[in-house]
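Participant: Handing you this structure, nothing more for now.
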Amino acid sequence: GDSVTQTEGQVTVSESKSLIINCTYSATSIAYPNLFWYVRYPGEGLQLLLKVITAGQKGSSRGFEATYNKETTSFHLQKASVQESDSAVYYCALSDTGTNAYKVIFGKGTHLHVLP
Amino acid sequence: EAAVTQSPRNKVAVTGGKVTLSCNQTNNHNNMYWYRQDTGHGLRLIHYSYGAGSTEKGDIPDGYKASRPSQENFSLILELATPSQTSVYFCASGDAGVYAEQFFGPGTRLTVL
């Protein structure tokens, strides 16, 4: 089936250090999946961080980047220098396109804790 | 101002009781969704709707009903709540377009004793 696997649990990084949160996907029933990273700050709902709909392309937002790699079925989230305000839960997700785009498959979430 | 709101934000219910979770969106989106999130799981889709008057089953609909009386409102109903329904529930809205971006409410923490 279709699924998303990401770095589990909590990741702790010191401020100004680099970050990578791994995400791999399986899209056996989706020919051209859309890939997303959502973020949930404390007390808030999930919000879209970035999305990429074309294999080989890179998305970026707020200093975060992720490249859609169809060969390795990966969509890792990276940031060169994290800030304390980046502390949040990050979700990797994929969706189908067209009329099936309503259905989004989420990873379990990765809790990023940035130390000051 | 928040475009997707949920009420209540926290709820404690008793086993066998009826629980209604409400969601309101001001995005004018056609699609609305109810998810639950549990430790060790990603968000799982319970019900969704394409517009007023429509409800569709998601991946885990058993024990839940949904109601979409208007474009803005989408409710999740637990007729006979059970402890296994203790979870955090998220409502979302989205356009019917191809990119599937969804806009989420802040969540409701439900505890069934």
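Each chain in the structure tokens gets a letter, A, B and so on, in the order shown; residues start at 1 in every chain, and ligands are counted from 1 in the order they appear.
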Give me, as a list of chain:residue names, all polymer residues having an atom no more than 10 Å from Val11 of chain A, counting only C-alpha atoms and skipping those fewer than 3 positions away in the same chain.

Facilitator: A:Thr7, A:Glu8, A:Leu19, A:Ile20, A:Ile21, A:Ser87, A:Val89, A:Thr110, A:His111, A:Leu112, A:His113, A:Val114

Participant: Up to 12 Å from chain A, what residues of chain B turn up? Count only C-alpha atoms and give them as an NGL selection string.

Facilitator: :B and (2-6 or 9-10 or 30-50 or 56-59 or 88-109)

Participant: Between atom CA of Thr86 of chain B and atom CA of Asn73 of chain B, what is the spacing in Å?

Facilitator: 22.7 Å

Participant: Work out how far apart atom CA of Pro116 of chain A and atom CA of Gln10 of chain A are and give it in Å to one decimal.

Facilitator: 16.2 Å

Participant: For Gly63 of chain B, which residue among B:Ser22, B:Gly16, B:Asn27, B:Leu110 is the nearest when counting only C-alpha atoms?

Facilitator: B:Gly16

Participant: Please measure the separation of atom CA of Asp86 of chain A and atom CA of Lys17 of chain A, giving the value in Å to one decimal.

Facilitator: 11.9 Å

Participant: What parts of chain A does DSSP call strand (DSSP E or B)? I'd like the answer as a PyMOL selection string.

Facilitator: chain A and resi 3-6+9-14+19-21+23-26+34-40+47-52+58-61+64-67+69+74+77-79+88-95+104-106+110-115

Participant: When you look at Val14 of chain B with a cut-off of 9 Å (counting only C-alpha atoms), what residues show up, excluding the ones that are within fewer than 6 positions of it in the same chain? I need them as a list in words.

Facilitator: Ala81, Thr82, Pro83, Thr111, Val112 and Leu113 of chain B
